[in-house]
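Here is the file my_file-v3.pdb (PDB, C-alpha atoms).
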ATOM      1  CA  GLY H  50       0.000   0.000   0.000  1.00  0.00           C
ATOM      2  CA  LEU H  51       0.967   3.625  -0.078  1.00  0.00           C
ATOM      3  CA  VAL H  52       0.367   6.392   2.447  1.00  0.00           C
ATOM      4  CA  LEU H  53       1.324   9.919   1.427  1.00  0.00           C
ATOM      5  CA  PHE H  54       1.637  12.626   4.032  1.00  0.00           C
ATOM      6  CA  ALA H  55       2.437  16.274   4.579  1.00  0.00           C
ATOM      7  CA  GLU H  56       0.201  18.261   6.974  1.00  0.00           C
ATOM      8  CA  GLN H  57      -2.382  15.501   6.476  1.00  0.00           C
ATOM      9  CA  ALA H  58      -1.912  11.832   5.670  1.00  0.00           C
ATOM     10  CA  TYR H  59      -4.021   9.881   3.208  1.00  0.00           C
ATOM     11  CA  VAL H  60      -4.070   6.412   1.700  1.00  0.00           C
ATOM     12  CA  ALA H  61      -3.019   6.728  -1.942  1.00  0.00           C
ATOM     13  CA  ALA H  62      -3.140   2.948  -2.539  1.00  0.00           C
ATOM     14  CA  PRO H  63      -4.646   0.290  -0.248  1.00  0.00           C
ATOM     15  CA  LEU H  64      -2.775  -2.848   0.760  1.00  0.00           C
ATOM     16  CA  THR H  65      -2.448  -4.892  -2.410  1.00  0.00           C
ATOM     17  CA  PHE H  66      -0.225  -7.203  -4.416  1.00  0.00           C
ATOM     18  CA  ASP H  67      -0.890  -4.997  -7.456  1.00  0.00           C
ATOM     19  CA  VAL H  68       2.524  -3.341  -7.637  1.00  0.00           C
ATOM     20  CA  ALA H  69       1.579  -1.546 -10.869  1.00  0.00           C
ATOM     21  CA  ALA H  70      -1.316   0.215  -9.110  1.00  0.00           C
ATOM     22  CA  VAL H  71       0.974   1.389  -6.305  1.00  0.00           C
ATOM     23  CA  ALA H  72       3.546   2.583  -8.868  1.00  0.00           C
ATOM     24  CA  ARG H  73       0.786   4.543 -10.639  1.00  0.00           C
ATOM     25  CA  ALA H  74      -0.190   6.160  -7.337  1.00  0.00           C
ATOM     26  CA  ILE H  75       3.435   7.188  -6.803  1.00  0.00           C
ATOM     27  CA  ASP H  76       3.654   8.610 -10.335  1.00  0.00           C
ATOM     28  CA  GLU H  77       0.441  10.583  -9.805  1.00  0.00           C
ATOM     29  CA  ALA H  78       1.471  11.977  -6.410  1.00  0.00           C
ATOM     30  CA  THR H  79       1.770  15.743  -6.325  1.00  0.00           C
ATOM     31  CA  ILE H  80       3.902  17.691  -3.884  1.00  0.00           C
ATOM     32  CA  GLY H  81       1.760  19.945  -1.751  1.00  0.00           C
ATOM     33  CA  ILE H  82      -1.537  18.130  -2.326  1.00  0.00           C
ATOM     34  CA  SER H  83      -1.967  17.566   1.415  1.00  0.00           C
ATOM     35  CA  GLY H  84      -0.066  20.614   2.643  1.00  0.00           C
ATOM     36  CA  ARG H  85       3.459  21.974   2.779  1.00  0.00           C
ATOM     37  CA  SER H  86       4.684  20.870   6.197  1.00  0.00           C
ATOM     38  CA  THR H  87       5.484  17.301   7.242  1.00  0.00           C
ATOM     39  CA  ALA H  88       3.704  15.297   9.938  1.00  0.00           C
ATOM     40  CA  ILE H  89       5.754  12.108   9.974  1.00  0.00           C
ATOM     41  CA  ALA H  90       3.831  10.673  12.935  1.00  0.00           C
ATOM     42  CA  GLY H  91       0.537  11.266  11.103  1.00  0.00           C
ATOM     43  CA  GLY H  92       1.707   9.354   8.041  1.00  0.00           C
ATOM     44  CA  LEU H  93       3.266   6.598  10.105  1.00  0.00           C
ATOM     45  CA  GLY H  94       0.166   6.403  12.320  1.00  0.00           C
ATOM     46  CA  LEU H  95      -2.142   5.966   9.317  1.00  0.00           C
ATOM     47  CA  ALA H  96       0.087   3.236   7.881  1.00  0.00           C
ATOM     48  CA  VAL H  97       0.182   1.477  11.261  1.00  0.00           C
ATOM     49  CA  LYS H  98      -3.604   1.765  11.587  1.00  0.00           C
ATOM     50  CA  ARG H  99      -4.077   0.093   8.185  1.00  0.00           C
ATOM     51  CA  LEU H 100      -1.594  -2.674   8.968  1.00  0.00           C
ATOM     52  CA  SER H 101      -2.936  -3.309  12.468  1.00  0.00           C
ATOM     53  CA  LYS H 102      -6.010  -4.953  10.912  1.00  0.00           C
ATOM     54  CA  SER H 103      -3.926  -7.218   8.684  1.00  0.00           C
ATOM     55  CA  GLU H 104      -3.507 -10.878   9.587  1.00  0.00           C
ATOM     56  CA  ALA H 105      -0.257 -11.182   7.605  1.00  0.00           C
ATOM     57  CA  ARG H 106       2.663 -12.943   9.299  1.00  0.00           C
ATOM     58  CA  SER H 107       4.964 -10.014   8.576  1.00  0.00           C
ATOM     59  CA  ARG H 108       3.730  -6.442   8.810  1.00  0.00           C
ATOM     60  CA  VAL H 109       6.216  -3.820   7.675  1.00  0.00           C
ATOM     61  CA  VAL H 110       6.196  -0.081   7.003  1.00  0.00           C
ATOM     62  CA  VAL H 111       8.923   1.490   4.896  1.00  0.00           C
ATOM     63  CA  LEU H 112       9.109   5.179   5.785  1.00  0.00           C
ATOM     64  CA  LEU H 113      10.796   7.246   3.088  1.00  0.00           C
ATOM     65  CA  SER H 114      11.382  10.792   4.331  1.00  0.00           C
ATOM     66  CA  ASP H 115      13.827  13.583   4.989  1.00  0.00           C
ATOM     67  CA  GLY H 116      13.083  13.022   8.682  1.00  0.00           C
ATOM     68  CA  SER H 117      12.121  16.619   9.395  1.00  0.00           C
ATOM     69  CA  ASP H 118       8.873  16.561  11.366  1.00  0.00           C
ATOM     70  CA  THR H 119       7.554  20.095  10.908  1.00  0.00           C
ATOM     71  CA  SER H 120       3.904  19.528  11.765  1.00  0.00           C
ATOM     72  CA  GLY H 121       1.736  17.324  13.899  1.00  0.00           C
ATOM     73  CA  THR H 122       1.007  16.856  17.559  1.00  0.00           C
ATOM     74  CA  VAL H 123       2.476  13.373  18.037  1.00  0.00           C
ATOM     75  CA  GLU H 124       6.188  12.656  18.166  1.00  0.00           C
ATOM     76  CA  PRO H 125       7.419  10.281  15.437  1.00  0.00           C
ATOM     77  CA  ARG H 126       9.118   8.111  18.083  1.00  0.00           C
ATOM     78  CA  ASP H 127       5.751   7.667  19.835  1.00  0.00           C
ATOM     79  CA  ALA H 128       4.173   6.468  16.580  1.00  0.00           C
ATOM     80  CA  ALA H 129       7.088   4.041  16.195  1.00  0.00           C
ATOM     81  CA  GLY H 130       6.444   2.807  19.741  1.00  0.00           C
ATOM     82  CA  LEU H 131       2.816   2.106  18.816  1.00  0.00           C
ATOM     83  CA  ALA H 132       4.010   0.192  15.755  1.00  0.00           C
ATOM     84  CA  LYS H 133       6.286  -1.908  17.981  1.00  0.00           C
ATOM     85  CA  ARG H 134       3.442  -2.675  20.412  1.00  0.00           C
ATOM     86  CA  LEU H 135       1.268  -3.814  17.468  1.00  0.00           C
ATOM     87  CA  GLY H 136       4.028  -6.026  16.044  1.00  0.00           C
ATOM     88  CA  ILE H 137       4.730  -3.791  13.061  1.00  0.00           C
ATOM     89  CA  THR H 138       8.319  -3.175  11.982  1.00  0.00           C
ATOM     90  CA  VAL H 139       9.274   0.219  10.558  1.00  0.00           C
ATOM     91  CA  HIS H 140      12.272   0.496   8.247  1.00  0.00           C
ATOM     92  CA  THR H 141      13.286   4.065   7.490  1.00  0.00           C
ATOM     93  CA  ILE H 142      14.990   5.521   4.456  1.00  0.00           C
ATOM     94  CA  ALA H 143      16.648   8.908   4.892  1.00  0.00           C
ATOM     95  CA  LEU H 144      16.413  10.538   1.478  1.00  0.00           C
ATOM     96  CA  GLY H 145      18.659  13.463   0.582  1.00  0.00           C
ATOM     97  CA  PRO H 146      22.223  14.398  -0.335  1.00  0.00           C
ATOM     98  CA  VAL H 147      23.227  16.022   3.008  1.00  0.00           C
ATOM     99  CA  ASP H 148      22.316  15.397   6.648  1.00  0.00           C
ATOM    100  CA  LEU H 149      21.935  17.482   9.794  1.00  0.00           C
ATOM    101  CA  GLU H 150      24.846  15.727  11.488  1.00  0.00           C
ATOM    102  CA  THR H 151      27.366  17.020   8.936  1.00  0.00           C
ATOM    103  CA  ARG H 152      25.620  20.255   7.861  1.00  0.00           C
ATOM    104  CA  PRO H 153      23.278  21.373  10.676  1.00  0.00           C
ATOM    105  CA  LYS H 154      22.445  24.746   9.115  1.00  0.00           C
ATOM    106  CA  ASP H 155      21.521  23.387   5.670  1.00  0.00           C
ATOM    107  CA  ARG H 156      17.800  23.932   5.071  1.00  0.00           C
ATOM    108  CA  ASP H 157      17.484  20.758   2.969  1.00  0.00           C
ATOM    109  CA  ALA H 158      19.479  18.494   5.288  1.00  0.00           C
ATOM    110  CA  VAL H 159      18.059  15.098   6.228  1.00  0.00           C
ATOM    111  CA  ASP H 160      17.326  14.395   9.904  1.00  0.00           C
ATOM    112  CA  THR H 161      18.920  10.930  10.002  1.00  0.00           C
ATOM    113  CA  ALA H 162      18.842  10.852  13.813  1.00  0.00           C
ATOM    114  CA  THR H 163      15.036  11.005  13.925  1.00  0.00           C
ATOM    115  CA  LEU H 164      14.684   8.343  11.238  1.00  0.00           C
ATOM    116  CA  ARG H 165      17.223   6.120  12.992  1.00  0.00           C
ATOM    117  CA  ALA H 166      15.302   6.512  16.285  1.00  0.00           C
ATOM    118  CA  ILE H 167      12.021   5.530  14.566  1.00  0.00           C
ATOM    119  CA  ALA H 168      13.599   2.394  13.103  1.00  0.00           C
ATOM    120  CA  ASP H 169      15.354   1.472  16.357  1.00  0.00           C
ATOM    121  CA  THR H 170      12.172   1.968  18.407  1.00  0.00           C
ATOM    122  CA  SER H 171      10.119  -0.324  16.163  1.00  0.00           C
ATOM    123  CA  GLY H 172      12.812  -2.951  15.635  1.00  0.00           C
ATOM    124  CA  GLY H 173      13.531  -1.980  12.040  1.00  0.00           C
ATOM    125  CA  GLN H 174      16.588  -0.881  10.112  1.00  0.00           C
ATOM    126  CA  SER H 175      17.533   2.647   9.088  1.00  0.00           C
ATOM    127  CA  PHE H 176      19.013   3.317   5.661  1.00  0.00           C
ATOM    128  CA  ARG H 177      20.662   6.350   4.053  1.00  0.00           C
ATOM    129  CA  VAL H 178      19.978   7.153   0.384  1.00  0.00           C
ATOM    130  CA  ARG H 179      21.773   9.866  -1.573  1.00  0.00           C
ATOM    131  CA  ASP H 180      21.042   8.752  -5.156  1.00  0.00           C
ATOM    132  CA  THR H 181      19.160   6.228  -7.275  1.00  0.00           C
ATOM    133  CA  ALA H 182      21.873   3.568  -6.939  1.00  0.00           C
ATOM    134  CA  ASP H 183      21.621   3.812  -3.135  1.00  0.00           C
ATOM    135  CA  LEU H 184      17.832   3.478  -3.350  1.00  0.00           C
ATOM    136  CA  GLU H 185      18.088   0.339  -5.494  1.00  0.00           C
ATOM    137  CA  ALA H 186      20.554  -1.197  -3.018  1.00  0.00           C
ATOM    138  CA  VAL H 187      18.294  -0.347  -0.079  1.00  0.00           C
ATOM    139  CA  THR H 188      15.203  -1.856  -1.709  1.00  0.00           C
ATOM    140  CA  ALA H 189      17.158  -5.050  -2.396  1.00  0.00           C
ATOM    141  CA  GLU H 190      18.257  -5.146   1.256  1.00  0.00           C
ATOM    142  CA  ILE H 191      14.706  -4.610   2.524  1.00  0.00           C
ATOM    143  CA  ASP H 192      13.520  -7.397   0.208  1.00  0.00           C
ATOM    144  CA  ARG H 193      16.184  -9.623   1.757  1.00  0.00           C
ATOM    145  CA  LEU H 194      15.224  -8.643   5.324  1.00  0.00           C
ATOM    146  CA  GLU H 195      11.503  -9.076   4.742  1.00  0.00           C
ATOM    147  CA  ALA H 196      11.553 -12.007   2.349  1.00  0.00           C
ATOM    148  CA  SER H 197       8.331 -13.928   2.045  1.00  0.00           C
ATOM    149  CA  GLY H 198       7.971 -17.366   0.573  1.00  0.00           C
ATOM    150  CA  PHE H 199       5.956 -16.091  -2.350  1.00  0.00           C
ATOM    151  CA  ASP H 200       5.605 -13.078  -4.619  1.00  0.00           C
ATOM    152  CA  ALA H 201       1.825 -12.946  -4.655  1.00  0.00           C
ATOM    153  CA  PRO H 202      -1.074 -14.595  -2.887  1.00  0.00           C
ATOM    154  CA  PRO H 203      -2.065 -18.051  -4.062  1.00  0.00           C
ATOM    155  CA  ALA H 204      -4.320 -17.958  -7.080  1.00  0.00           C
ATOM    156  CA  THR H 205      -7.883 -19.061  -6.572  1.00  0.00           C
ATOM    157  CA  VAL H 206      -8.918 -21.240  -9.464  1.00  0.00           C
ATOM    158  CA  ARG H 207     -12.654 -21.277  -9.961  1.00  0.00           C
ATOM    159  CA  ARG H 208     -14.338 -23.901 -12.025  1.00  0.00           C
ATOM    160  CA  ASP H 209     -17.948 -23.521 -13.044  1.00  0.00           C
ATOM    161  CA  TYR H 210     -19.945 -26.719 -12.676  1.00  0.00           C
ATOM    162  CA  TRP H 211     -23.380 -25.284 -13.418  1.00  0.00           C
ATOM    163  CA  PRO H 212     -23.249 -26.131 -17.174  1.00  0.00           C
ATOM    164  CA  TYR H 213     -23.398 -29.890 -16.392  1.00  0.00           C
ATOM    165  CA  PRO H 214     -26.705 -29.931 -14.472  1.00  0.00           C
ATOM    166  CA  ALA H 215     -28.077 -27.213 -16.765  1.00  0.00           C
ATOM    167  CA  THR H 216     -27.332 -29.355 -19.818  1.00  0.00           C
ATOM    168  CA  LEU H 217     -28.907 -32.370 -18.122  1.00  0.00           C
ATOM    169  CA  ALA H 218     -32.019 -30.329 -17.209  1.00  0.00           C
ATOM    170  CA  LEU H 219     -32.279 -29.055 -20.794  1.00  0.00           C
ATOM    171  CA  ALA H 220     -31.981 -32.597 -22.171  1.00  0.00           C
ATOM    172  CA  VAL H 221     -34.638 -33.908 -19.767  1.00  0.00           C
ATOM    173  CA  SER H 222     -36.914 -30.974 -20.653  1.00  0.00           C
ATOM    174  CA  LEU H 223     -36.507 -31.649 -24.369  1.00  0.00           C
ATOM    175  CA  CYS H 224     -37.224 -35.346 -23.831  1.00  0.00           C
ATOM    176  CA  LEU H 225     -40.391 -34.474 -21.911  1.00  0.00           C
ATOM    177  CA  VAL H 226     -41.551 -32.063 -24.621  1.00  0.00           C
ATOM    178  CA  VAL H 227     -40.871 -34.579 -27.380  1.00  0.00           C
ATOM    179  CA  SER H 228     -42.558 -37.438 -25.458  1.00  0.00           C
ATOM    180  CA  ARG H 229     -45.696 -35.332 -24.785  1.00  0.00           C
ATOM    181  CA  ARG H 230     -45.966 -34.431 -28.468  1.00  0.00           C
ATOM    182  CA  ALA H 231     -45.646 -38.079 -29.387  1.00  0.00           C
ATOM    183  CA  LEU H 232     -48.609 -38.957 -27.164  1.00  0.00           C
TER     184      LEU H 232
END
Represent the structure from my file as structure tokens, please.
Amino acid sequence: GLVLFAEQAYVAAPLTFDVAAVARAIDEATIGISGRSTAIAGGLGLAVKRLSKSEARSRVVVLLSDGSDTSGTVEPRDAAGLAKRLGITVHTIALGPVDLETRPKDRDAVDTATLRAIADTSGGQSFRVRDTADLEAVTAEIDRLEASGFDAPPATVRRDYWPYPATLALAVSLCLVVSRRAL
């Protein structure tokens, strides 16, 4: 699934195995559609709420953010604590070329400490991404960490049996009609 958040969080794609639908939702996402500030705990809380109802063996949130929580009334670490209590693991991806630890005055710096604390609190891993190659490596690592035994749910094969009794009923009906006419 996909939860997008800024001042408000919303579900852009429900939990699904339809990866193409989630990719479409990402492509169609627009910056600023739900505000200009960032409520990380709101987005994480909505994702946790959706997953809390799932009966899956493994429930995981991947939080991709710059880590700067500029809005919201709940601390991101508290939302991560709720995830932990519900058995949901949160992996975080710090996205951006510079971080607050090395360039604290840079307006676009990534708050890796907050993202690391979220991951640590929930029992997940924290990753740092500076470019596309890093992102591909991180997704491969998350796939390794959260490997499932299958790529999609088992297919349900349905077989219609109604044509057999319907054909038999039609044949019996025709026989009755023909036998009545013969009388």
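For Arg134 (chain H), the set of protein, DNA and RNA residues having any atom at most 9 Å away, when counting all atoms listed in the file and skipping those fewer than 4 positions along the same chain, is H:Ala129, H:Gly130, H:Ser171.
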Task: Non-local contacts of Leu113 (chain H) (12 Å; all atoms listed in the file; under 3 positions in same chain excluded) as JSON, numbers by chain - done: {"H": [51, 52, 53, 54, 89, 92, 93, 110, 116, 117, 139, 140, 141, 142, 143, 144, 145, 159, 160, 161, 164, 165, 167, 168, 175, 176, 177, 178, 184, 187, 188]}
Go ahead and dump the residues you just picked, C-alpha atoms, as a PDB file, keeping the file's coordinate frame.
ATOM      1  CA  LEU H  51       0.967   3.625  -0.078  1.00  0.00           C
ATOM      2  CA  VAL H  52       0.367   6.392   2.447  1.00  0.00           C
ATOM      3  CA  LEU H  53       1.324   9.919   1.427  1.00  0.00           C
ATOM      4  CA  PHE H  54       1.637  12.626   4.032  1.00  0.00           C
ATOM      5  CA  ILE H  89       5.754  12.108   9.974  1.00  0.00           C
ATOM      6  CA  GLY H  92       1.707   9.354   8.041  1.00  0.00           C
ATOM      7  CA  LEU H  93       3.266   6.598  10.105  1.00  0.00           C
ATOM      8  CA  VAL H 110       6.196  -0.081   7.003  1.00  0.00           C
ATOM      9  CA  GLY H 116      13.083  13.022   8.682  1.00  0.00           C
ATOM     10  CA  SER H 117      12.121  16.619   9.395  1.00  0.00           C
ATOM     11  CA  VAL H 139       9.274   0.219  10.558  1.00  0.00           C
ATOM     12  CA  HIS H 140      12.272   0.496   8.247  1.00  0.00           C
ATOM     13  CA  THR H 141      13.286   4.065   7.490  1.00  0.00           C
ATOM     14  CA  ILE H 142      14.990   5.521   4.456  1.00  0.00           C
ATOM     15  CA  ALA H 143      16.648   8.908   4.892  1.00  0.00           C
ATOM     16  CA  LEU H 144      16.413  10.538   1.478  1.00  0.00           C
ATOM     17  CA  GLY H 145      18.659  13.463   0.582  1.00  0.00           C
ATOM     18  CA  VAL H 159      18.059  15.098   6.228  1.00  0.00           C
ATOM     19  CA  ASP H 160      17.326  14.395   9.904  1.00  0.00           C
ATOM     20  CA  THR H 161      18.920  10.930  10.002  1.00  0.00           C
ATOM     21  CA  LEU H 164      14.684   8.343  11.238  1.00  0.00           C
ATOM     22  CA  ARG H 165      17.223   6.120  12.992  1.00  0.00           C
ATOM     23  CA  ILE H 167      12.021   5.530  14.566  1.00  0.00           C
ATOM     24  CA  ALA H 168      13.599   2.394  13.103  1.00  0.00           C
ATOM     25  CA  SER H 175      17.533   2.647   9.088  1.00  0.00           C
ATOM     26  CA  PHE H 176      19.013   3.317   5.661  1.00  0.00           C
ATOM     27  CA  ARG H 177      20.662   6.350   4.053  1.00  0.00           C
ATOM     28  CA  VAL H 178      19.978   7.153   0.384  1.00  0.00           C
ATOM     29  CA  LEU H 184      17.832   3.478  -3.350  1.00  0.00           C
ATOM     30  CA  VAL H 187      18.294  -0.347  -0.079  1.00  0.00           C
ATOM     31  CA  THR H 188      15.203  -1.856  -1.709  1.00  0.00           C
TER      32      THR H 188
END
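Between CA of Val111 (chain H) and CA of Gly173 (chain H) the interatomic distance comes to 9.2 Å.
Distance-wise, CA of Leu100 (chain H) and CA of Thr138 (chain H) end up 10.4 Å apart.
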- [ ] Show which residues sit within 12 Å of Lys98 (chain H), as a PyMOL selection string. Count only C-alpha atoms, and ignore same-chain residues fewer than 3 positions away.
- [x] chain H and resi 52+58-60+63-64+90-95+101-103+108-110+128-129+131-132+135-137
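Between Ala166 (chain H) and the candidates H:Pro153, H:Pro125, H:Ser120, H:Ser86, the tightest atom-to-atom separation, counting all atoms listed in the file, involves H:Pro125.
Those residues that approach Ala196 (chain H) to within 12 Å, counting all atoms listed in the file, are Arg106, Ser107, Arg108, Val109, Thr188, Ala189, Glu190, Ile191, Asp192, Arg193, Phe199 and Asp200 of chain H; same-chain residues fewer than 3 positions away are not listed.
For the pair CA of Ala72 (chain H) and CA of Arg99 (chain H), the interatomic distance is 18.8 Å.
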Task: Distance criterion (only C-alpha atoms): nearest to Asp127 (chain H) out of H:Glu185, H:Thr170, H:Asp155, H:Leu219 - done: H:Thr170
Expected axis-aligned box over every listed atom of region 97-108 of chain H, 5 Å added per side, centre plus edges in Å to one decimal, as JSON:
{"center_x": -0.5, "center_y": -5.6, "center_z": 10.0, "size_x": 21.0, "size_y": 24.7, "size_z": 14.9}
Task: Best match for closeness to Ala55 (chain H) among H:Ala88, H:Val221, H:Val68, H:Glu104, counting all atoms listed in the file - done: H:Ala88
Care to translate the PyMOL selection byres ((chain H and resi 75) around 10) into actual residues of this file, as a PDB file with C-alpha atoms, in the frame of the given file?
ATOM      1  CA  LEU H  51       0.967   3.625  -0.078  1.00  0.00           C
ATOM      2  CA  VAL H  52       0.367   6.392   2.447  1.00  0.00           C
ATOM      3  CA  LEU H  53       1.324   9.919   1.427  1.00  0.00           C
ATOM      4  CA  ALA H  61      -3.019   6.728  -1.942  1.00  0.00           C
ATOM      5  CA  ALA H  62      -3.140   2.948  -2.539  1.00  0.00           C
ATOM      6  CA  ALA H  69       1.579  -1.546 -10.869  1.00  0.00           C
ATOM      7  CA  ALA H  70      -1.316   0.215  -9.110  1.00  0.00           C
ATOM      8  CA  VAL H  71       0.974   1.389  -6.305  1.00  0.00           C
ATOM      9  CA  ALA H  72       3.546   2.583  -8.868  1.00  0.00           C
ATOM     10  CA  ARG H  73       0.786   4.543 -10.639  1.00  0.00           C
ATOM     11  CA  ALA H  74      -0.190   6.160  -7.337  1.00  0.00           C
ATOM     12  CA  ASP H  76       3.654   8.610 -10.335  1.00  0.00           C
ATOM     13  CA  GLU H  77       0.441  10.583  -9.805  1.00  0.00           C
ATOM     14  CA  ALA H  78       1.471  11.977  -6.410  1.00  0.00           C
ATOM     15  CA  THR H  79       1.770  15.743  -6.325  1.00  0.00           C
TER      16      THR H  79
END
